Amino acid sequence: MRRPRLLYDIAGTSAIEFGLSLPLLILLFVGGFQLNDAIAAYRKLTVATRTIVDLTSQFTIVDNTRLNSIMNASKQVMAPYSTTDTTMIINQVKIDANRVATIDWSIARGTASLRPGSEYNLATNVRQPETYILVARMTYLYKPLFASKLLGSIPMTETIIMSPRASDRVTKP
């Protein structure tokens, strides 16, 4: 009895296995790249937010021009990521003797600034009586390079709190 040669020929087995596994390998590569890029964007967002609050905390008096320069500097930290869908806000929060936190002053880009005198939601352990703190908050709408229609935009938010350094508060005329 004669066996068909084609049935037992294994010459192209490796090529067939590679062809079957290639889509999965490509998906893993692109997914890993996309995840790494999203993590890098979030790290940039954290550094940019820290830049806003860190630079502001080093002054005793800031005006709108200086605060706009600080916000422009934080936009440069975000490079190479686009900042068109980014919102930035820096607030100075006053905590009174009863540990009630209210907005002393606020300036924002891409969103509305908070009204001075309005109450601010702040963690209890941060509310030290008779102090001022600076709170910077940035939001970024991350748009994936691949499969952006499938995944959509991913909102990222970072908030950093810091005490004024050069004095007990940062005055805004």
# chains A, B, ... in the order shown; residues from 1 in each chain; ligands from 1
call {"tool": "select_by_dssp", "arguments": {"residues": "region 137-172 of chain A", "states": "strand (DSSP E or B)", "output": "JSON, numbers by chain"}}
result
{"A": [137, 138, 139, 140, 141, 142, 154, 155, 156, 157, 158, 159, 160, 161, 162, 171]}
call {"tool": "residues_around", "arguments": {"residues": "region 149-157 of chain A", "least_positions_apart": "5", "cutoff": "8 Å", "atoms": "only C-alpha atoms", "output": "list in words"}}
result
Tyr42, Leu45, Arg137, Met138, Thr139, Tyr140, Leu141, Tyr142, Lys143 and Pro144 of chain A
call {"tool": "residues_around", "arguments": {"residues": "Lys75 (chain A)", "least_positions_apart": "4", "cutoff": "10 Å", "atoms": "only C-alpha atoms", "output": "PDB file with C-alpha atoms, in the first residue's frame"}}
result
ATOM      1  CA  LYS A  44       4.669  63.636  31.323  1.00  0.00           C
ATOM      2  CA  LEU A  45       1.334  64.808  32.746  1.00  0.00           C
ATOM      3  CA  ALA A  48       3.950  69.015  33.949  1.00  0.00           C
ATOM      4  CA  THR A  49       1.531  69.294  36.885  1.00  0.00           C
ATOM      5  CA  THR A  51       6.098  72.004  37.248  1.00  0.00           C
ATOM      6  CA  ILE A  52       3.079  74.296  37.653  1.00  0.00           C
ATOM      7  CA  SER A  69       4.478  81.875  31.774  1.00  0.00           C
ATOM      8  CA  ILE A  70       4.467  79.028  34.303  1.00  0.00           C
ATOM      9  CA  MET A  71       1.615  77.328  32.465  1.00  0.00           C
ATOM     10  CA  ALA A  79       6.191  67.690  24.520  1.00  0.00           C
ATOM     11  CA  PRO A  80       5.975  65.723  22.246  1.00  0.00           C
ATOM     12  CA  TYR A  81       2.355  65.179  23.305  1.00  0.00           C
ATOM     13  CA  SER A  82      -0.193  67.700  22.052  1.00  0.00           C
ATOM     14  CA  THR A  83      -1.652  70.011  24.682  1.00  0.00           C
ATOM     15  CA  THR A  84      -4.717  71.111  22.717  1.00  0.00           C
ATOM     16  CA  THR A  86      -5.229  69.769  28.134  1.00  0.00           C
ATOM     17  CA  MET A  88      -4.642  73.341  33.736  1.00  0.00           C
TER      18      MET A  88
END
call {"tool": "atom_distance", "arguments": {"atom1": "CA of Pro116 (chain A)", "atom2": "CA of Ile61 (chain A)"}}
result
16.9 Å
call {"tool": "residues_around", "arguments": {"residues": "region 94-97 of chain A", "least_positions_apart": "5", "cutoff": "12 Å", "atoms": "only C-alpha atoms", "output": "PyMOL selection string"}}
result
chain A and resi 102-106+116-135+163-164+168-171
call {"tool": "write_last_selection", "arguments": {"atoms": "N, CA and C atoms", "output": "PDB file, in the first residue's frame"}}
result
ATOM      1  N   THR A 102     -11.007  77.089  51.646  1.00  0.00           N
ATOM      2  CA  THR A 102     -11.656  77.926  50.639  1.00  0.00           C
ATOM      3  C   THR A 102     -10.620  78.403  49.633  1.00  0.00           C
ATOM      4  N   ILE A 103     -11.094  78.745  48.453  1.00  0.00           N
ATOM      5  CA  ILE A 103     -10.216  79.235  47.383  1.00  0.00           C
ATOM      6  C   ILE A 103      -9.793  80.668  47.698  1.00  0.00           C
ATOM      7  N   ASP A 104      -8.481  80.898  47.723  1.00  0.00           N
ATOM      8  CA  ASP A 104      -7.942  82.243  47.897  1.00  0.00           C
ATOM      9  C   ASP A 104      -7.846  82.919  46.527  1.00  0.00           C
ATOM     10  N   TRP A 105      -7.223  82.249  45.570  1.00  0.00           N
ATOM     11  CA  TRP A 105      -7.182  82.693  44.189  1.00  0.00           C
ATOM     12  C   TRP A 105      -7.030  81.478  43.281  1.00  0.00           C
ATOM     13  N   SER A 106      -7.386  81.662  42.018  1.00  0.00           N
ATOM     14  CA  SER A 106      -7.355  80.555  41.062  1.00  0.00           C
ATOM     15  C   SER A 106      -7.128  81.108  39.665  1.00  0.00           C
ATOM     16  N   PRO A 116     -13.007  82.751  44.018  1.00  0.00           N
ATOM     17  CA  PRO A 116     -12.419  82.987  45.345  1.00  0.00           C
ATOM     18  C   PRO A 116     -13.509  83.002  46.430  1.00  0.00           C
ATOM     19  N   GLY A 117     -13.194  82.379  47.539  1.00  0.00           N
ATOM     20  CA  GLY A 117     -14.138  82.291  48.641  1.00  0.00           C
ATOM     21  C   GLY A 117     -14.990  81.033  48.619  1.00  0.00           C
ATOM     22  N   SER A 118     -15.003  80.333  47.485  1.00  0.00           N
ATOM     23  CA  SER A 118     -15.797  79.100  47.419  1.00  0.00           C
ATOM     24  C   SER A 118     -15.075  77.988  48.171  1.00  0.00           C
ATOM     25  N   GLU A 119     -15.862  77.095  48.727  1.00  0.00           N
ATOM     26  CA  GLU A 119     -15.292  76.003  49.510  1.00  0.00           C
ATOM     27  C   GLU A 119     -14.589  75.022  48.583  1.00  0.00           C
ATOM     28  N   TYR A 120     -13.494  74.455  49.061  1.00  0.00           N
ATOM     29  CA  TYR A 120     -12.702  73.519  48.276  1.00  0.00           C
ATOM     30  C   TYR A 120     -12.636  72.183  48.999  1.00  0.00           C
ATOM     31  N   ASN A 121     -12.911  71.129  48.271  1.00  0.00           N
ATOM     32  CA  ASN A 121     -12.881  69.786  48.846  1.00  0.00           C
ATOM     33  C   ASN A 121     -11.428  69.321  48.951  1.00  0.00           C
ATOM     34  N   LEU A 122     -10.996  69.122  50.171  1.00  0.00           N
ATOM     35  CA  LEU A 122      -9.611  68.770  50.439  1.00  0.00           C
ATOM     36  C   LEU A 122      -9.581  67.686  51.503  1.00  0.00           C
ATOM     37  N   ALA A 123      -8.661  66.772  51.390  1.00  0.00           N
ATOM     38  CA  ALA A 123      -8.557  65.687  52.369  1.00  0.00           C
ATOM     39  C   ALA A 123      -8.339  66.256  53.772  1.00  0.00           C
ATOM     40  N   THR A 124      -8.932  65.615  54.744  1.00  0.00           N
ATOM     41  CA  THR A 124      -8.871  66.082  56.132  1.00  0.00           C
ATOM     42  C   THR A 124      -7.445  66.144  56.657  1.00  0.00           C
ATOM     43  N   ASN A 125      -6.624  65.176  56.306  1.00  0.00           N
ATOM     44  CA  ASN A 125      -5.255  65.155  56.827  1.00  0.00           C
ATOM     45  C   ASN A 125      -4.375  66.260  56.245  1.00  0.00           C
ATOM     46  N   VAL A 126      -4.828  66.921  55.173  1.00  0.00           N
ATOM     47  CA  VAL A 126      -4.070  68.020  54.574  1.00  0.00           C
ATOM     48  C   VAL A 126      -4.485  69.356  55.195  1.00  0.00           C
ATOM     49  N   ARG A 127      -5.623  69.410  55.800  1.00  0.00           N
ATOM     50  CA  ARG A 127      -6.179  70.654  56.352  1.00  0.00           C
ATOM     51  C   ARG A 127      -5.517  71.017  57.686  1.00  0.00           C
ATOM     52  N   GLN A 128      -4.448  71.744  57.590  1.00  0.00           N
ATOM     53  CA  GLN A 128      -3.766  72.248  58.783  1.00  0.00           C
ATOM     54  C   GLN A 128      -4.281  73.660  59.045  1.00  0.00           C
ATOM     55  N   PRO A 129      -4.728  73.966  60.271  1.00  0.00           N
ATOM     56  CA  PRO A 129      -5.321  75.276  60.556  1.00  0.00           C
ATOM     57  C   PRO A 129      -4.378  76.438  60.255  1.00  0.00           C
ATOM     58  N   GLU A 130      -4.979  77.501  59.741  1.00  0.00           N
ATOM     59  CA  GLU A 130      -4.274  78.760  59.474  1.00  0.00           C
ATOM     60  C   GLU A 130      -3.096  78.586  58.510  1.00  0.00           C
ATOM     61  N   THR A 131      -3.306  77.859  57.440  1.00  0.00           N
ATOM     62  CA  THR A 131      -2.255  77.670  56.429  1.00  0.00           C
ATOM     63  C   THR A 131      -2.815  77.914  55.037  1.00  0.00           C
ATOM     64  N   TYR A 132      -1.902  78.029  54.093  1.00  0.00           N
ATOM     65  CA  TYR A 132      -2.235  78.137  52.681  1.00  0.00           C
ATOM     66  C   TYR A 132      -1.512  77.009  51.962  1.00  0.00           C
ATOM     67  N   ILE A 133      -2.166  76.434  50.974  1.00  0.00           N
ATOM     68  CA  ILE A 133      -1.511  75.430  50.134  1.00  0.00           C
ATOM     69  C   ILE A 133      -1.847  75.713  48.674  1.00  0.00           C
ATOM     70  N   LEU A 134      -0.988  75.242  47.805  1.00  0.00           N
ATOM     71  CA  LEU A 134      -1.198  75.363  46.363  1.00  0.00           C
ATOM     72  C   LEU A 134      -1.630  73.998  45.826  1.00  0.00           C
ATOM     73  N   VAL A 135      -2.640  74.023  44.977  1.00  0.00           N
ATOM     74  CA  VAL A 135      -3.148  72.791  44.381  1.00  0.00           C
ATOM     75  C   VAL A 135      -3.157  72.978  42.870  1.00  0.00           C
ATOM     76  N   SER A 163       3.050  73.142  49.509  1.00  0.00           N
ATOM     77  CA  SER A 163       3.035  74.350  50.337  1.00  0.00           C
ATOM     78  C   SER A 163       3.889  75.425  49.682  1.00  0.00           C
ATOM     79  N   PRO A 164       3.527  76.704  49.878  1.00  0.00           N
ATOM     80  CA  PRO A 164       4.403  77.782  49.401  1.00  0.00           C
ATOM     81  C   PRO A 164       5.765  77.686  50.078  1.00  0.00           C
ATOM     82  N   ASP A 168       4.563  82.222  53.747  1.00  0.00           N
ATOM     83  CA  ASP A 168       3.456  81.369  54.182  1.00  0.00           C
ATOM     84  C   ASP A 168       2.334  81.311  53.155  1.00  0.00           C
ATOM     85  N   ARG A 169       2.320  82.240  52.190  1.00  0.00           N
ATOM     86  CA  ARG A 169       1.332  82.252  51.116  1.00  0.00           C
ATOM     87  C   ARG A 169       1.890  82.928  49.884  1.00  0.00           C
ATOM     88  N   VAL A 170       1.275  82.669  48.739  1.00  0.00           N
ATOM     89  CA  VAL A 170       1.650  83.315  47.495  1.00  0.00           C
ATOM     90  C   VAL A 170       0.557  84.341  47.201  1.00  0.00           C
ATOM     91  N   THR A 171       0.935  85.602  47.191  1.00  0.00           N
ATOM     92  CA  THR A 171      -0.028  86.669  46.986  1.00  0.00           C
ATOM     93  C   THR A 171      -0.235  86.906  45.498  1.00  0.00           C
TER      94      THR A 171
END
call {"tool": "closest_residue", "arguments": {"among": "A:Ile39, A:Asn98, A:Gln76, A:Phe59", "to": "Ala166 (chain A)", "atoms": "only C-alpha atoms"}}
result
A:Phe59
call {"tool": "closest_residue", "arguments": {"among": "A:Leu35, A:Ser167, A:Ile89, A:Pro173", "to": "Ile107 (chain A)", "atoms": "only C-alpha atoms"}}
result
A:Ile89
call {"tool": "atom_distance", "arguments": {"atom1": "CA of Ile26 (chain A)", "atom2": "CA of Ala38 (chain A)"}}
result
18.2 Å
